[in-house]
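Enquirer: What follows is final_35.txt, compact mmCIF, N, CA and C atoms.
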# COMPACT_ATOMS: atom_id res chain seq x y z
N MET A 1 21.60 83.23 -74.97
CA MET A 1 20.72 83.79 -75.97
C MET A 1 19.64 82.75 -76.26
N GLU A 2 18.41 83.17 -76.18
CA GLU A 2 17.29 82.26 -76.43
C GLU A 2 17.11 82.08 -77.94
N LEU A 3 16.40 81.03 -78.29
CA LEU A 3 16.19 80.68 -79.69
C LEU A 3 15.54 81.83 -80.46
N GLN A 4 14.54 82.45 -79.89
CA GLN A 4 13.85 83.56 -80.57
C GLN A 4 14.79 84.75 -80.74
N GLU A 5 15.62 85.02 -79.73
CA GLU A 5 16.59 86.10 -79.84
C GLU A 5 17.61 85.81 -80.95
N LEU A 6 18.04 84.56 -81.02
CA LEU A 6 18.98 84.16 -82.06
C LEU A 6 18.38 84.39 -83.44
N ALA A 7 17.14 83.97 -83.64
CA ALA A 7 16.47 84.16 -84.93
C ALA A 7 16.34 85.64 -85.25
N GLU A 8 16.00 86.45 -84.26
CA GLU A 8 15.84 87.89 -84.49
C GLU A 8 17.19 88.54 -84.84
N ARG A 9 18.23 88.15 -84.14
CA ARG A 9 19.56 88.70 -84.43
C ARG A 9 19.98 88.37 -85.85
N LEU A 10 19.75 87.14 -86.27
CA LEU A 10 20.10 86.74 -87.63
C LEU A 10 19.29 87.52 -88.66
N ARG A 11 18.02 87.78 -88.35
CA ARG A 11 17.17 88.52 -89.27
C ARG A 11 17.64 89.96 -89.43
N ARG A 12 18.09 90.56 -88.33
CA ARG A 12 18.49 91.97 -88.35
C ARG A 12 19.90 92.21 -88.87
N ASP A 13 20.76 91.19 -88.81
CA ASP A 13 22.17 91.41 -89.08
C ASP A 13 22.69 90.44 -90.16
N PRO A 14 22.53 90.80 -91.42
CA PRO A 14 22.97 89.91 -92.51
C PRO A 14 24.45 89.55 -92.44
N SER A 15 25.30 90.44 -91.95
CA SER A 15 26.72 90.12 -91.86
C SER A 15 26.97 89.03 -90.82
N ALA A 16 26.16 88.99 -89.78
CA ALA A 16 26.27 87.92 -88.78
C ALA A 16 25.89 86.59 -89.40
N VAL A 17 24.85 86.60 -90.23
CA VAL A 17 24.43 85.37 -90.92
C VAL A 17 25.58 84.86 -91.78
N ARG A 18 26.17 85.74 -92.54
CA ARG A 18 27.27 85.36 -93.43
C ARG A 18 28.43 84.77 -92.64
N ALA A 19 28.82 85.43 -91.55
CA ALA A 19 29.94 84.95 -90.75
C ALA A 19 29.65 83.59 -90.14
N VAL A 20 28.45 83.42 -89.63
CA VAL A 20 28.08 82.15 -89.01
C VAL A 20 28.03 81.05 -90.06
N MET A 21 27.43 81.31 -91.21
CA MET A 21 27.27 80.26 -92.22
C MET A 21 28.58 79.88 -92.88
N GLU A 22 29.60 80.73 -92.78
CA GLU A 22 30.91 80.39 -93.32
C GLU A 22 31.75 79.60 -92.33
N SER A 23 31.29 79.49 -91.09
CA SER A 23 32.04 78.76 -90.07
C SER A 23 31.71 77.26 -90.16
N PRO A 24 32.57 76.41 -89.61
CA PRO A 24 32.26 74.97 -89.60
C PRO A 24 30.94 74.66 -88.91
N ASP A 25 30.65 75.36 -87.81
CA ASP A 25 29.38 75.13 -87.12
C ASP A 25 28.20 75.57 -87.98
N GLY A 26 28.36 76.66 -88.70
CA GLY A 26 27.29 77.12 -89.58
C GLY A 26 27.02 76.14 -90.70
N ARG A 27 28.07 75.57 -91.25
CA ARG A 27 27.88 74.58 -92.31
C ARG A 27 27.22 73.32 -91.76
N ALA A 28 27.57 72.94 -90.52
CA ALA A 28 26.92 71.78 -89.89
C ALA A 28 25.44 72.07 -89.65
N LEU A 29 25.13 73.29 -89.23
CA LEU A 29 23.73 73.67 -89.02
C LEU A 29 22.96 73.62 -90.33
N LEU A 30 23.55 74.13 -91.39
CA LEU A 30 22.90 74.12 -92.69
C LEU A 30 22.61 72.69 -93.16
N ARG A 31 23.58 71.81 -92.98
CA ARG A 31 23.34 70.40 -93.35
C ARG A 31 22.19 69.81 -92.55
N ALA A 32 22.13 70.13 -91.26
CA ALA A 32 21.05 69.62 -90.42
C ALA A 32 19.70 70.20 -90.84
N LEU A 33 19.68 71.48 -91.18
CA LEU A 33 18.43 72.12 -91.60
C LEU A 33 17.96 71.61 -92.97
N GLN A 34 18.89 71.27 -93.83
CA GLN A 34 18.51 70.79 -95.16
C GLN A 34 17.85 69.44 -95.11
N GLY A 35 18.21 68.63 -94.13
CA GLY A 35 17.54 67.36 -93.94
C GLY A 35 17.62 66.44 -95.14
N ASN A 36 16.63 65.57 -95.25
CA ASN A 36 16.61 64.53 -96.28
C ASN A 36 15.82 64.92 -97.53
N ASP A 37 15.30 66.13 -97.56
CA ASP A 37 14.46 66.52 -98.69
C ASP A 37 15.14 67.49 -99.65
N GLY A 38 16.47 67.54 -99.57
CA GLY A 38 17.21 68.43 -100.46
C GLY A 38 17.06 69.90 -100.12
N GLY A 39 16.57 70.19 -98.93
CA GLY A 39 16.42 71.58 -98.49
C GLY A 39 15.08 72.21 -98.81
N ALA A 40 14.12 71.43 -99.33
CA ALA A 40 12.82 72.00 -99.69
C ALA A 40 12.10 72.58 -98.48
N LYS A 41 12.13 71.86 -97.36
CA LYS A 41 11.46 72.36 -96.15
C LYS A 41 12.16 73.63 -95.65
N LEU A 42 13.49 73.64 -95.72
CA LEU A 42 14.25 74.82 -95.32
C LEU A 42 13.90 76.01 -96.20
N ASP A 43 13.79 75.79 -97.50
CA ASP A 43 13.42 76.87 -98.43
C ASP A 43 12.06 77.46 -98.07
N ARG A 44 11.10 76.60 -97.77
CA ARG A 44 9.76 77.09 -97.39
C ARG A 44 9.81 77.87 -96.08
N ALA A 45 10.56 77.33 -95.11
CA ALA A 45 10.67 78.01 -93.81
C ALA A 45 11.35 79.37 -93.97
N ALA A 46 12.39 79.43 -94.80
CA ALA A 46 13.10 80.69 -95.02
C ALA A 46 12.20 81.71 -95.71
N ALA A 47 11.41 81.25 -96.67
CA ALA A 47 10.48 82.17 -97.36
C ALA A 47 9.45 82.71 -96.38
N GLN A 48 8.93 81.84 -95.53
CA GLN A 48 7.96 82.29 -94.53
C GLN A 48 8.61 83.26 -93.54
N ALA A 49 9.84 82.95 -93.12
CA ALA A 49 10.54 83.82 -92.17
C ALA A 49 10.80 85.19 -92.79
N ALA A 50 11.13 85.21 -94.07
CA ALA A 50 11.35 86.49 -94.75
C ALA A 50 10.08 87.33 -94.77
N GLY A 51 8.94 86.66 -94.77
CA GLY A 51 7.66 87.36 -94.72
C GLY A 51 7.19 87.68 -93.32
N GLY A 52 8.01 87.33 -92.31
CA GLY A 52 7.67 87.67 -90.94
C GLY A 52 7.16 86.51 -90.10
N ASN A 53 6.90 85.37 -90.72
CA ASN A 53 6.40 84.21 -89.99
C ASN A 53 7.57 83.26 -89.71
N THR A 54 8.09 83.30 -88.49
CA THR A 54 9.26 82.50 -88.14
C THR A 54 8.90 81.17 -87.48
N ALA A 55 7.61 80.82 -87.43
CA ALA A 55 7.18 79.62 -86.70
C ALA A 55 7.82 78.34 -87.25
N GLN A 56 7.83 78.16 -88.56
CA GLN A 56 8.37 76.94 -89.13
C GLN A 56 9.89 76.86 -88.91
N MET A 57 10.59 77.98 -89.07
CA MET A 57 12.03 78.00 -88.84
C MET A 57 12.34 77.72 -87.37
N THR A 58 11.56 78.30 -86.49
CA THR A 58 11.75 78.05 -85.06
C THR A 58 11.54 76.58 -84.75
N GLN A 59 10.54 75.96 -85.36
CA GLN A 59 10.29 74.53 -85.15
C GLN A 59 11.46 73.69 -85.65
N MET A 60 12.02 74.07 -86.77
CA MET A 60 13.17 73.33 -87.30
C MET A 60 14.36 73.43 -86.34
N LEU A 61 14.59 74.63 -85.79
CA LEU A 61 15.69 74.80 -84.85
C LEU A 61 15.44 74.02 -83.57
N LYS A 62 14.18 73.96 -83.12
CA LYS A 62 13.86 73.18 -81.94
C LYS A 62 14.14 71.71 -82.17
N SER A 63 13.88 71.21 -83.38
CA SER A 63 14.16 69.81 -83.65
C SER A 63 15.67 69.55 -83.63
N ILE A 64 16.46 70.52 -84.05
CA ILE A 64 17.91 70.38 -83.98
C ILE A 64 18.36 70.38 -82.52
N LEU A 65 17.74 71.23 -81.71
CA LEU A 65 18.08 71.26 -80.29
C LEU A 65 17.88 69.91 -79.62
N SER A 66 16.87 69.18 -80.05
CA SER A 66 16.57 67.90 -79.42
C SER A 66 17.42 66.75 -79.99
N ALA A 67 18.12 66.98 -81.07
CA ALA A 67 18.97 65.95 -81.68
C ALA A 67 20.29 65.86 -80.91
N PRO A 68 20.92 64.69 -80.92
CA PRO A 68 22.22 64.56 -80.24
C PRO A 68 23.22 65.58 -80.78
N GLY A 69 23.80 66.35 -79.87
CA GLY A 69 24.79 67.36 -80.25
C GLY A 69 24.20 68.65 -80.75
N GLY A 70 22.90 68.70 -80.96
CA GLY A 70 22.26 69.89 -81.51
C GLY A 70 22.32 71.09 -80.59
N ALA A 71 22.09 70.87 -79.31
CA ALA A 71 22.13 71.98 -78.35
C ALA A 71 23.53 72.58 -78.28
N GLN A 72 24.54 71.72 -78.33
CA GLN A 72 25.91 72.21 -78.30
C GLN A 72 26.23 73.01 -79.56
N LEU A 73 25.76 72.51 -80.70
CA LEU A 73 25.99 73.22 -81.96
C LEU A 73 25.36 74.61 -81.93
N LEU A 74 24.09 74.69 -81.54
CA LEU A 74 23.42 75.99 -81.49
C LEU A 74 24.02 76.88 -80.42
N GLY A 75 24.51 76.29 -79.33
CA GLY A 75 25.18 77.07 -78.29
C GLY A 75 26.44 77.73 -78.81
N ARG A 76 27.23 76.97 -79.59
CA ARG A 76 28.45 77.54 -80.16
C ARG A 76 28.11 78.67 -81.14
N ILE A 77 27.07 78.47 -81.92
CA ILE A 77 26.67 79.52 -82.87
C ILE A 77 26.19 80.75 -82.12
N ALA A 78 25.42 80.56 -81.07
CA ALA A 78 24.93 81.69 -80.28
C ALA A 78 26.11 82.47 -79.69
N ARG A 79 27.14 81.76 -79.22
CA ARG A 79 28.32 82.44 -78.67
C ARG A 79 29.04 83.23 -79.76
N GLN A 80 29.08 82.69 -80.98
CA GLN A 80 29.70 83.43 -82.09
C GLN A 80 28.95 84.74 -82.33
N LEU A 81 27.64 84.69 -82.22
CA LEU A 81 26.82 85.88 -82.49
C LEU A 81 26.93 86.93 -81.38
N GLN A 82 27.32 86.51 -80.20
CA GLN A 82 27.42 87.46 -79.08
C GLN A 82 28.71 88.24 -79.13
N LYS A 83 29.64 87.84 -79.97
CA LYS A 83 30.93 88.53 -80.07
C LYS A 83 30.79 89.86 -80.76
Let me see the file written as structure tokens.

Expert:
Amino acid sequence: MELQELAERLRRDPSAVRAVMESPDGRALLRALQGNDGGAKLDRAAAQAAGGNTAQMTQMLKSILSAPGGAQLLGRIARQLQK
């Protein structure tokens, strides 16, 4: 599942978001997305994504992909969503 597909699936399926965010991998992703600013950047990205502009959220996910262990984390989450 590509990054854009993952974002679209999460947007369309709130129950999938809930299930993923309650998992250990989802909590690890949330911590990574919250970063060092208390989640302010994540809040802005989420607000923009809710309005249809997913560019900032996609960029945040790309930065996680490039971090050590990030690709594996997102891969596990993507597999959870394919179930």

Enquirer: Mind pulling up the distance from CA of Ala50 in chain A to atom C of Arg11 in chain A?

Expert: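 These two atoms are separated by 8.9 Å.
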
Enquirer: When you count only C-alpha atoms, which of these residues is closest to Ala67 in chain A: A:Leu81, A:Leu33, A:Ala46, A:Ala40?

Expert: A:Leu33

Enquirer: Using only N, CA and C atoms, which protein or nucleic acid residues come within 8 Å of range 17-32 of chain A? Drop anything in the same chain fewer than 4 positions from it, and give the result as a compact mmCIF listing (two decimals) with N, CA and C atoms, keeping the file's coordinate frame.

Expert:
# COMPACT_ATOMS: atom_id res chain seq x y z
N ARG A 9 18.23 88.15 -84.14
CA ARG A 9 19.56 88.70 -84.43
C ARG A 9 19.98 88.37 -85.85
N LEU A 10 19.75 87.14 -86.27
CA LEU A 10 20.10 86.74 -87.63
C LEU A 10 19.29 87.52 -88.66
N ARG A 11 18.02 87.78 -88.35
CA ARG A 11 17.17 88.52 -89.27
C ARG A 11 17.64 89.96 -89.43
N ARG A 12 18.09 90.56 -88.33
CA ARG A 12 18.49 91.97 -88.35
C ARG A 12 19.90 92.21 -88.87
N ASP A 13 20.76 91.19 -88.81
CA ASP A 13 22.17 91.41 -89.08
C ASP A 13 22.69 90.44 -90.16
N ASN A 36 16.63 65.57 -95.25
CA ASN A 36 16.61 64.53 -96.28
C ASN A 36 15.82 64.92 -97.53
N MET A 60 12.02 74.07 -86.77
CA MET A 60 13.17 73.33 -87.30
C MET A 60 14.36 73.43 -86.34
N ILE A 64 16.46 70.52 -84.05
CA ILE A 64 17.91 70.38 -83.98
C ILE A 64 18.36 70.38 -82.52
N LEU A 73 25.76 72.51 -80.70
CA LEU A 73 25.99 73.22 -81.96
C LEU A 73 25.36 74.61 -81.93
N LEU A 74 24.09 74.69 -81.54
CA LEU A 74 23.42 75.99 -81.49
C LEU A 74 24.02 76.88 -80.42
N ARG A 76 27.23 76.97 -79.59
CA ARG A 76 28.45 77.54 -80.16
C ARG A 76 28.11 78.67 -81.14
N ILE A 77 27.07 78.47 -81.92
CA ILE A 77 26.67 79.52 -82.87
C ILE A 77 26.19 80.75 -82.12
N GLN A 80 29.08 82.69 -80.98
CA GLN A 80 29.70 83.43 -82.09
C GLN A 80 28.95 84.74 -82.33
N LEU A 81 27.64 84.69 -82.22
CA LEU A 81 26.82 85.88 -82.49
C LEU A 81 26.93 86.93 -81.38

Enquirer: At what distance in Å, to one decimal, does CA of Gly39 in chain A lie from atom C of Gln4 in chain A?

Expert: 22.2 Å

Enquirer: Please compute the CA of Gly51 in chain A-CA of Lys83 in chain A distance, one decimal, in Å.

Expert: 27.5 Å

Enquirer: Residues near Leu65 in chain A, anyone? I mean within 10 Å using only C-alpha atoms, not counting same-chain ones fewer than 6 positions away, as a short mmCIF file (atom, residue, chain, number, x, y, z; two decimals) with N, CA and C atoms, in the coordinates of the input.

Expert:
data_model
loop_
_atom_site.label_atom_id
_atom_site.label_comp_id
_atom_site.auth_asym_id
_atom_site.auth_seq_id
_atom_site.Cartn_x
_atom_site.Cartn_y
_atom_site.Cartn_z
N LEU A 3 16.40 81.03 -78.29
CA LEU A 3 16.19 80.68 -79.69
C LEU A 3 15.54 81.83 -80.46
N GLN A 59 10.54 75.96 -85.36
CA GLN A 59 10.29 74.53 -85.15
C GLN A 59 11.46 73.69 -85.65
N ALA A 71 22.09 70.87 -79.31
CA ALA A 71 22.13 71.98 -78.35
C ALA A 71 23.53 72.58 -78.28
N GLN A 72 24.54 71.72 -78.33
CA GLN A 72 25.91 72.21 -78.30
C GLN A 72 26.23 73.01 -79.56
N LEU A 73 25.76 72.51 -80.70
CA LEU A 73 25.99 73.22 -81.96
C LEU A 73 25.36 74.61 -81.93
N LEU A 74 24.09 74.69 -81.54
CA LEU A 74 23.42 75.99 -81.49
C LEU A 74 24.02 76.88 -80.42
N GLY A 75 24.51 76.29 -79.33
CA GLY A 75 25.18 77.07 -78.29
C GLY A 75 26.44 77.73 -78.81
#

Enquirer: Hey, which of A:Arg79, A:Gly70, A:Ala16, A:Ala7 ends up closest to Ala55 in chain A? Count only C-alpha atoms.

Expert: A:Ala7

Enquirer: Using DSSP secondary structure from the backbone, list all helix (DSSP H, G or I) positions within chain A, as a ChimeraX atom specification.

Expert: /A:3-12,14-21,24-34,40-50,55-66,70-82
